[in-house]
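Below is the file target_3.cif, which contains mmCIF, C-alpha atoms.
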data_start
#
loop_
_atom_site.label_atom_id
_atom_site.label_comp_id
_atom_site.auth_asym_id
_atom_site.auth_seq_id
_atom_site.Cartn_x
_atom_site.Cartn_y
_atom_site.Cartn_z
CA MET E 24 -22.70 24.19 -1.40
CA SER E 25 -20.90 24.39 1.93
CA ASN E 26 -17.24 23.44 2.14
CA LEU E 27 -18.18 20.17 3.83
CA GLY E 28 -20.63 19.31 1.05
CA LEU E 29 -18.03 20.13 -1.62
CA LEU E 30 -15.44 18.10 0.25
CA ILE E 31 -17.71 15.04 0.30
CA TRP E 32 -18.54 15.44 -3.40
CA GLU E 33 -14.90 15.90 -4.45
CA PHE E 34 -13.64 12.91 -2.44
CA LEU E 35 -16.44 10.66 -3.70
CA LYS E 36 -15.27 11.56 -7.22
CA THR E 37 -11.63 10.93 -6.30
CA GLY E 38 -12.50 7.56 -4.77
CA LEU E 39 -14.39 6.59 -7.90
CA PHE E 40 -11.93 7.78 -10.55
CA ALA E 41 -8.43 7.48 -9.04
CA VAL E 42 -7.33 4.06 -10.25
CA GLY E 43 -3.99 2.58 -9.17
CA GLY E 44 -3.66 3.31 -5.46
CA GLY E 45 -2.88 6.22 -3.15
CA LEU E 46 -0.44 8.13 -5.34
CA ALA E 47 -3.00 8.20 -8.16
CA THR E 48 -5.10 10.56 -6.01
CA ILE E 49 -2.48 13.35 -6.06
CA PRO E 50 -3.65 14.90 -9.38
CA PHE E 51 -7.20 15.05 -7.96
CA LEU E 52 -5.99 16.79 -4.80
CA ASN E 53 -4.01 19.20 -6.94
CA GLU E 54 -7.12 20.13 -8.85
CA MET E 55 -9.16 20.62 -5.66
CA GLY E 56 -6.55 23.06 -4.37
CA MET E 57 -6.63 25.05 -7.59
CA GLN E 58 -10.37 25.02 -8.14
CA TYR E 59 -11.52 25.99 -4.64
CA GLY E 60 -8.40 27.72 -3.30
CA TRP E 61 -8.50 25.42 -0.27
CA PHE E 62 -4.72 25.11 -0.12
CA THR E 63 -1.66 26.11 -2.12
CA MET E 64 0.64 23.68 -3.96
CA GLU E 65 3.19 24.26 -1.23
CA THR E 66 0.75 23.23 1.51
CA LEU E 67 -0.16 20.19 -0.56
CA SER E 68 3.46 19.07 -0.76
CA THR E 69 3.72 19.43 3.05
CA MET E 70 0.58 17.33 3.39
CA ILE E 71 2.06 14.66 1.11
CA ALA E 72 5.30 14.65 3.14
CA VAL E 73 3.40 14.22 6.41
CA SER E 74 1.25 11.47 4.85
CA GLU E 75 4.41 9.60 3.87
CA SER E 76 5.90 9.86 7.34
CA THR E 77 2.90 8.82 9.43
CA PRO E 78 1.35 5.37 9.83
CA GLY E 79 -1.49 4.35 7.56
CA PRO E 80 -2.00 3.92 3.81
CA ILE E 81 -0.67 7.07 2.15
CA GLY E 82 -3.83 7.71 0.09
CA ILE E 83 -5.99 7.71 3.23
CA ASN E 84 -3.55 9.94 5.12
CA MET E 85 -3.66 12.52 2.33
CA ALA E 86 -7.46 12.50 2.19
CA THR E 87 -7.67 12.90 5.96
CA TYR E 88 -5.17 15.76 5.97
CA VAL E 89 -6.86 17.66 3.14
CA GLY E 90 -10.25 17.16 4.83
CA TYR E 91 -8.89 18.41 8.14
CA SER E 92 -7.29 21.48 6.61
CA VAL E 93 -10.52 22.44 4.82
CA ALA E 94 -13.13 21.75 7.52
CA GLY E 95 -11.49 20.58 10.76
CA PRO E 96 -12.04 17.17 12.41
CA GLY E 97 -15.46 16.76 10.75
CA GLY E 98 -13.81 17.41 7.39
CA ALA E 99 -11.16 14.77 8.08
CA VAL E 100 -13.82 12.15 8.80
CA ALA E 101 -16.01 13.26 5.86
CA ALA E 102 -13.14 13.19 3.31
CA THR E 103 -11.96 9.77 4.51
CA LEU E 104 -15.41 8.18 4.46
CA SER E 105 -16.10 9.72 1.04
CA ILE E 106 -12.91 8.41 -0.57
CA VAL E 107 -13.52 4.84 0.65
CA THR E 108 -17.25 4.64 -0.15
CA PRO E 109 -16.85 3.99 -3.92
CA SER E 110 -14.21 1.32 -3.15
CA ILE E 111 -16.52 -0.48 -0.76
CA VAL E 112 -19.34 -0.53 -3.30
CA VAL E 113 -17.17 -1.53 -6.28
CA ILE E 114 -15.18 -4.19 -4.39
CA CYS E 115 -18.27 -5.77 -2.79
CA VAL E 116 -19.83 -6.12 -6.24
CA ILE E 117 -16.62 -7.52 -7.75
CA ALA E 118 -16.01 -9.83 -4.76
CA ASN E 119 -19.47 -11.25 -5.23
CA TYR E 120 -18.88 -12.02 -8.93
CA PHE E 121 -15.30 -13.14 -8.37
CA GLN E 122 -16.54 -15.85 -6.03
CA LYS E 123 -18.81 -17.18 -8.77
CA PHE E 124 -16.34 -16.98 -11.63
CA LYS E 125 -12.96 -17.63 -10.06
CA ASN E 126 -13.09 -21.31 -10.98
CA ALA E 127 -13.90 -20.60 -14.62
CA LYS E 128 -11.05 -21.69 -16.88
CA ILE E 129 -10.56 -18.29 -18.51
CA VAL E 130 -10.43 -16.51 -15.13
CA LYS E 131 -7.83 -19.01 -13.90
CA MET E 132 -5.76 -18.34 -17.00
CA ILE E 133 -5.94 -14.58 -16.48
CA PHE E 134 -4.88 -14.86 -12.85
CA ALA E 135 -2.06 -17.25 -13.76
CA GLY E 136 -0.63 -14.22 -15.61
CA LEU E 137 -1.54 -11.66 -12.95
CA LYS E 138 0.11 -13.44 -10.03
CA PRO E 139 3.73 -13.17 -11.22
CA ALA E 140 3.00 -9.57 -12.33
CA VAL E 141 1.84 -8.62 -8.83
CA VAL E 142 5.06 -10.08 -7.39
CA GLY E 143 6.83 -7.83 -9.91
CA PHE E 144 4.87 -4.73 -8.74
CA ILE E 145 5.72 -5.50 -5.10
CA ALA E 146 9.38 -6.00 -6.04
CA ALA E 147 9.33 -2.65 -7.89
CA ALA E 148 7.86 -0.87 -4.83
CA CYS E 149 10.54 -2.51 -2.70
CA LEU E 150 13.33 -1.57 -5.13
CA ASN E 151 12.23 2.09 -5.19
CA LEU E 152 12.18 2.18 -1.39
CA PHE E 153 15.55 0.42 -1.31
CA VAL E 154 17.20 3.03 -3.55
CA SER E 155 15.63 6.02 -1.79
CA THR E 156 16.53 4.68 1.67
CA LEU E 157 20.00 3.22 1.16
CA MET E 158 21.47 5.50 -1.47
CA HIS E 159 22.16 9.22 -1.87
CA LEU E 160 21.64 9.45 -5.62
CA GLU E 161 21.37 13.24 -5.26
CA ASN E 162 25.12 13.28 -4.55
CA GLY E 163 25.71 12.07 -8.12
CA LEU E 164 27.56 9.01 -9.35
CA GLY E 165 30.86 10.92 -9.38
CA SER E 166 30.80 11.60 -5.63
CA GLY E 167 32.58 8.36 -4.79
CA ILE E 168 31.28 5.17 -3.29
CA GLY E 169 31.53 6.53 0.27
CA ASN E 170 29.03 9.31 -0.36
CA LEU E 171 26.76 7.36 -2.66
CA PHE E 172 25.47 4.97 0.00
CA ASN E 173 23.88 5.54 3.38
CA TRP E 174 26.14 3.22 5.36
CA LYS E 175 24.22 3.47 8.63
CA CYS E 176 21.09 2.27 6.86
CA ILE E 177 22.93 -0.54 5.10
CA PHE E 178 24.35 -1.70 8.45
CA LEU E 179 20.87 -1.62 10.03
CA LEU E 180 19.49 -3.53 7.04
CA ALA E 181 22.06 -6.29 7.53
CA VAL E 182 21.38 -6.48 11.28
CA LEU E 183 17.58 -6.58 10.86
CA PHE E 184 17.86 -9.16 8.11
CA ALA E 185 20.02 -11.43 10.30
CA VAL E 186 17.63 -10.99 13.25
CA LYS E 187 14.58 -11.76 11.11
CA ARG E 188 16.23 -14.90 9.69
CA LYS E 189 17.20 -16.13 13.16
CA PHE E 190 13.87 -15.32 14.83
CA SER E 191 11.38 -15.81 12.02
CA LYS E 192 8.40 -15.69 14.40
CA LEU E 193 9.16 -12.07 15.35
CA HIS E 194 6.14 -9.85 14.56
CA PRO E 195 6.75 -7.20 11.85
CA ILE E 196 5.65 -4.56 14.41
CA VAL E 197 8.64 -5.45 16.62
CA ILE E 198 11.05 -4.96 13.71
CA ILE E 199 9.44 -1.63 12.75
CA VAL E 200 9.50 -0.25 16.31
CA ALA E 201 13.10 -1.41 16.87
CA ALA E 202 14.21 0.19 13.59
CA ALA E 203 12.49 3.48 14.46
CA ALA E 204 14.28 3.47 17.84
CA ALA E 205 17.63 2.71 16.16
CA GLY E 206 17.02 5.56 13.71
CA ILE E 207 16.43 8.02 16.55
CA VAL E 208 19.25 6.79 18.83
CA PHE E 209 21.89 6.76 16.09
CA SER E 210 20.60 9.89 14.28
CA PHE E 211 20.06 8.35 10.85
CA MET K 109 -20.54 -9.48 15.88
CA LYS K 110 -17.35 -11.01 17.19
CA VAL K 111 -15.96 -11.45 13.68
CA LEU K 112 -16.87 -7.85 12.77
CA LEU K 113 -14.98 -6.62 15.82
CA GLN K 114 -12.01 -8.85 14.97
CA LEU K 115 -12.01 -7.50 11.39
CA TYR K 116 -12.06 -3.93 12.69
CA THR K 117 -9.29 -4.40 15.28
CA ALA K 118 -7.03 -6.52 13.05
CA TRP K 119 -7.19 -3.98 10.19
CA PHE K 120 -6.78 -1.13 12.68
CA LYS K 121 -3.52 -2.76 13.80
CA MET K 122 -2.38 -3.20 10.20
CA GLY K 123 -3.23 0.41 9.36
CA LEU K 124 -1.37 1.62 12.42
CA PHE K 125 1.86 -0.13 11.43
CA THR K 126 1.85 0.44 7.69
CA PHE K 127 4.18 3.09 6.36
CA GLY K 128 3.80 3.86 2.66
CA GLY K 129 1.33 2.36 0.24
CA GLY K 130 -0.66 -0.85 0.00
CA TYR K 131 2.26 -3.10 -0.98
CA ALA K 132 4.26 -2.11 2.13
CA MET K 133 1.38 -3.65 4.07
CA LEU K 134 2.05 -7.14 2.72
CA PRO K 135 4.25 -8.37 5.63
CA MET K 136 1.53 -7.34 8.12
CA ILE K 137 -1.17 -8.98 5.98
CA GLN K 138 0.87 -12.19 5.81
CA ARG K 139 1.16 -12.27 9.59
CA GLU K 140 -2.36 -11.20 10.58
CA VAL K 141 -4.77 -12.12 7.76
CA ILE K 142 -3.04 -15.27 6.49
CA GLU K 143 -1.28 -16.81 9.51
CA LYS K 144 -3.24 -15.61 12.53
CA TYR K 145 -6.88 -15.40 11.41
CA HIS K 146 -6.77 -17.61 8.26
CA TRP K 147 -9.07 -15.16 6.50
CA ALA K 148 -7.32 -15.66 3.16
CA THR K 149 -4.49 -17.60 1.56
CA GLU K 150 -1.41 -15.99 0.04
CA ASP K 151 -2.77 -16.79 -3.43
CA GLU K 152 -6.04 -15.03 -2.66
CA ILE K 153 -4.22 -11.92 -1.39
CA MET K 154 -2.33 -11.79 -4.73
CA ASP K 155 -5.69 -11.96 -6.54
CA TYR K 156 -7.08 -9.10 -4.41
CA TYR K 157 -3.97 -6.99 -5.06
CA ALA K 158 -4.29 -7.56 -8.81
CA ILE K 159 -7.97 -6.60 -8.78
CA GLY K 160 -7.36 -3.70 -6.34
CA GLN K 161 -4.68 -2.35 -8.67
CA CYS K 162 -7.06 -1.84 -11.58
CA THR K 163 -10.22 -0.86 -9.71
CA PRO K 164 -10.76 2.63 -8.30
CA GLY K 165 -9.54 3.54 -4.84
CA ILE K 166 -6.69 2.98 -2.44
CA ILE K 167 -5.16 -0.52 -2.75
CA ALA K 168 -4.96 -1.09 1.03
CA VAL K 169 -8.65 -0.24 1.34
CA ASN K 170 -9.63 -2.45 -1.60
CA THR K 171 -7.75 -5.39 -0.06
CA ALA K 172 -9.36 -4.81 3.36
CA THR K 173 -12.83 -4.66 1.79
CA PHE K 174 -12.19 -7.92 -0.09
CA VAL K 175 -11.06 -9.79 3.03
CA GLY K 176 -13.92 -8.36 5.12
CA TYR K 177 -16.56 -9.12 2.48
CA TYR K 178 -15.63 -12.80 2.27
CA GLN K 179 -15.90 -13.14 6.07
CA LYS K 180 -19.11 -11.23 6.81
CA GLY K 181 -20.57 -9.80 3.61
CA ILE K 182 -21.05 -6.07 3.18
CA ALA K 183 -20.89 -5.41 6.95
CA GLY K 184 -17.55 -7.23 7.04
CA GLY K 185 -16.22 -5.15 4.14
CA ILE K 186 -17.24 -1.96 5.94
CA ALA K 187 -15.79 -3.08 9.31
CA ALA K 188 -12.40 -3.96 7.79
CA THR K 189 -12.29 -0.71 5.81
CA LEU K 190 -13.19 1.45 8.81
CA GLY K 191 -10.51 -0.40 10.78
CA VAL K 192 -7.74 0.29 8.25
CA VAL K 193 -8.58 4.02 7.95
CA SER K 194 -9.21 4.79 11.66
CA PRO K 195 -5.55 5.18 12.71
CA SER K 196 -5.00 7.68 9.87
CA VAL K 197 -7.93 9.85 10.95
CA ILE K 198 -6.75 9.91 14.57
CA ILE K 199 -3.04 10.43 13.88
CA ILE K 200 -3.37 12.95 11.06
CA GLY K 201 -6.03 14.81 13.05
CA LEU K 202 -3.62 15.17 15.98
CA ILE K 203 -0.67 16.14 13.81
CA ALA K 204 -2.61 18.63 11.71
CA SER K 205 -3.93 20.37 14.82
CA LEU K 206 -0.74 20.26 16.91
CA ILE K 207 2.45 19.93 14.87
CA SER K 208 2.31 21.56 11.46
CA ASN K 209 6.05 21.08 10.85
CA PHE K 210 5.86 17.36 11.70
CA ALA K 211 7.64 16.09 8.59
CA GLU K 212 10.59 18.46 9.14
CA LEU K 213 11.27 17.44 12.74
CA ALA K 214 14.71 15.80 12.99
CA VAL K 215 13.47 13.05 15.29
CA VAL K 216 10.70 12.16 12.80
CA GLN K 217 13.15 12.01 9.90
CA HIS K 218 15.56 9.79 11.85
CA ALA K 219 12.79 7.43 12.97
CA LEU K 220 11.34 7.31 9.45
CA LEU K 221 14.65 6.37 7.84
CA GLY K 222 14.96 3.53 10.36
CA ILE K 223 11.38 2.44 9.63
CA ASN K 224 12.01 2.49 5.88
CA VAL K 225 14.97 0.13 6.37
CA ALA K 226 12.69 -2.18 8.38
CA VAL K 227 10.04 -2.06 5.64
CA CYS K 228 12.73 -2.99 3.07
CA VAL K 229 13.74 -6.02 5.14
CA LEU K 230 10.14 -7.13 5.71
CA MET K 231 9.25 -6.69 2.03
CA ILE K 232 12.31 -8.63 0.83
CA GLU K 233 11.24 -11.51 3.07
CA ALA K 234 7.66 -11.30 1.83
CA ILE K 235 8.85 -11.29 -1.79
CA MET K 236 11.09 -14.33 -1.20
CA ASN K 237 8.05 -16.21 0.13
CA LEU K 238 5.92 -15.21 -2.83
CA TRP K 239 8.72 -16.04 -5.25
CA LYS K 240 8.83 -19.68 -4.11
CA LYS K 241 5.07 -20.01 -4.60
CA SER K 242 4.40 -17.95 -7.70
CA ILE K 243 7.46 -18.01 -9.98
CA LYS K 244 7.72 -21.66 -10.85
CA ASN K 245 8.60 -21.61 -14.55
CA ILE K 246 10.20 -19.48 -17.26
CA ALA K 247 6.89 -17.99 -18.46
CA ALA K 248 6.00 -16.79 -14.94
CA PHE K 249 9.51 -15.39 -14.57
CA CYS K 250 9.16 -13.45 -17.84
CA ILE K 251 5.89 -11.83 -16.67
CA PHE K 252 7.50 -11.03 -13.29
CA ALA K 253 10.54 -9.44 -14.97
CA MET K 254 8.38 -7.46 -17.40
CA ALA K 255 6.18 -6.09 -14.59
CA LEU K 256 9.22 -5.19 -12.47
CA LEU K 257 11.25 -3.54 -15.24
CA LEU K 258 8.38 -1.61 -16.81
CA SER K 259 7.23 -0.31 -13.39
CA VAL K 260 10.71 0.84 -12.39
CA LEU K 261 11.96 2.16 -15.72
CA THR K 262 8.87 3.64 -17.36
CA GLY K 263 5.97 5.78 -16.21
CA ILE K 264 3.43 3.41 -17.77
CA SER K 265 0.32 3.03 -15.63
CA THR K 266 0.12 -0.20 -13.63
CA VAL K 267 -3.44 -0.61 -14.88
CA TRP K 268 -2.09 -1.30 -18.40
CA LEU K 269 0.48 -3.73 -17.02
CA VAL K 270 -2.29 -5.62 -15.21
CA ILE K 271 -4.31 -5.87 -18.43
CA LEU K 272 -1.22 -6.92 -20.42
CA SER K 273 -0.33 -9.65 -17.88
CA GLY K 274 -3.91 -10.92 -17.94
CA VAL K 275 -3.72 -11.26 -21.74
CA LEU K 276 -0.30 -12.92 -21.48
CA GLY K 277 -1.80 -15.24 -18.85
CA ILE K 278 -4.44 -16.43 -21.32
CA LEU K 279 -2.00 -16.79 -24.25
CA MET K 280 0.72 -18.54 -22.24
CA SER K 281 -1.78 -20.87 -20.56
CA LYS K 282 -3.20 -21.84 -23.94
CA ALA K 283 0.33 -22.48 -25.21
CA GLY K 284 0.91 -24.71 -22.19
CA TRP K 285 3.73 -22.50 -20.81
CA LEU K 286 1.87 -21.45 -17.67
CA LYS K 287 0.08 -23.73 -15.23
CA HIS K 288 -3.39 -22.40 -14.52
CA GLU K 289 -4.93 -25.23 -12.47
#
Starting from the file, lay out its structure as structure tokens.
Amino acid sequence: MSNLGLLIWEFLKTGLFAVGGGLATIPFLNEMGMQYGWFTMETLSTMIAVSESTPGPIGINMATYVGYSVAGPGGAVAATLSIVTPSIVVICVIANYFQKFKNAKIVKMIFAGLKPAVVGFIAAACLNLFVSTLMHLENGLGSGIGNLFNWKCIFLLAVLFAVKRKFSKLHPIVIIVAAAAAGIVFSF
Amino acid sequence: MKVLLQLYTAWFKMGLFTFGGGYAMLPMIQREVIEKYHWATEDEIMDYYAIGQCTPGIIAVNTATFVGYYQKGIAGGIAATLGVVSPSVIIIGLIASLISNFAELAVVQHALLGINVAVCVLMIEAIMNLWKKSIKNIAAFCIFAMALLLSVLTGISTVWLVILSGVLGILMSKAGWLKHE
């Protein structure tokens, strides 16, 4: 099979078997690199870093990058379409049934338990981002309070929070663009 | 056709301004999908997240497909999904061909740290909104705390936590601790 064909096959598999979001695809990418020699582990970690620092869902960014590095622009498109195809099929089927069964008593009971859990998952994602953005844990707990926190970031957090409270209609995009500009201007 | 185009452009916009995974997208979804287009309620988005978490694929894509499907069937699901992935294809394509050391550039790192602070602020706000609507009693709080602590402190797969909370949902509803209507 050509590289493009293999790429499509591998990403269809990844889309079908990686459960739990973008980061769950990393082991699959790892295996692709090893099996076909498409990229080294080092290149993969660069690709992950770029995927984290560019717009877009991280799982899609990684698929696009791997596809591009294996087979150019066509590979990027092929890998991306392949990884989303199983999702589209599975979700359309589930969405169809969910509509029929969502008013069933047992389904309502299940989702009464899932809702607070999802708030917990979102809070966990936020907490992880909070620690990695505002703290320098790599300095160690003994390094003193001054070195443990990223004070510029904490100051920006307070400012953005105050602005968002005062002007609640502000679009999230405005906050994101302003924060990126602040990061560049004040060399975060 | 108009709705398909709206689905594509709205999800394109959300893809373009999401940094990180599917949950970081929540503030954008609240603004665009819930407030602007009224394609779903907050409760429904929570349902889609829960289902998207334990079905295969990227959570942001699963959520986009859900929203699109309920507006315009399979074509709607495809339009929303293509919208959310298009910015990635364009941006990564440019970066991969032009700037291989993108992630190491100082200006990128500075901007990204600023953006991460913004995402923290937006997510805290989103969580405060959800909190008021979803955590109304002790039983709901216990499930919230369990999901939060186990996700942060252990490497246990979220899929198991989803299944566990579903079971707890049934048991606690039967016991009358959770409201399920």
Distance in Å - CA of Ile207 in chain K versus CA of Val89 in chain E: 15.1 Å
Distance-based interface of chain E with chain K, 6 Å, counting only C-alpha atoms, as number ranges by chain: E: 38-45, 73, 75, 78-81, 84, 87, 110, 131-133, 135-137, 139-140, 143-145, 147, 180, 184, 199, 202-203, 206-207, 210-211
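For the atom pair formed by CA of Glu33 in chain E and CA of Pro109 in chain E, the distance is 12.1 Å, given to one decimal.
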Straight-line distance linking CA of Gly191 in chain K with CA of Trp119 in chain K, stated in Å to one decimal: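 These atoms are spaced 4.9 Å apart.
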Residue neighbourhood Ala102 in chain E, 7 Å, only C-alpha atoms, exclusion window fewer than 3 positions, as a PyMOL selection string: chain E and resi 30-31+34+86-87+90+98-99+105-106
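Evaluated on this file, the PyMOL selection byres ((chain E and resi 59) around 12) matches Met24, Ser25, Asn26, Leu29, Leu30, Glu33, Leu52, Asn53, Glu54, Met55, Gly56, Met57, Gln58, Gly60, Trp61, Phe62, Thr63 and Val93 of chain E.
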Nearest-residue call for Cys115 in chain E, choices K:Ile246, K:Thr117, K:Thr262, K:Lys180, using all atoms listed in the file: K:Lys180
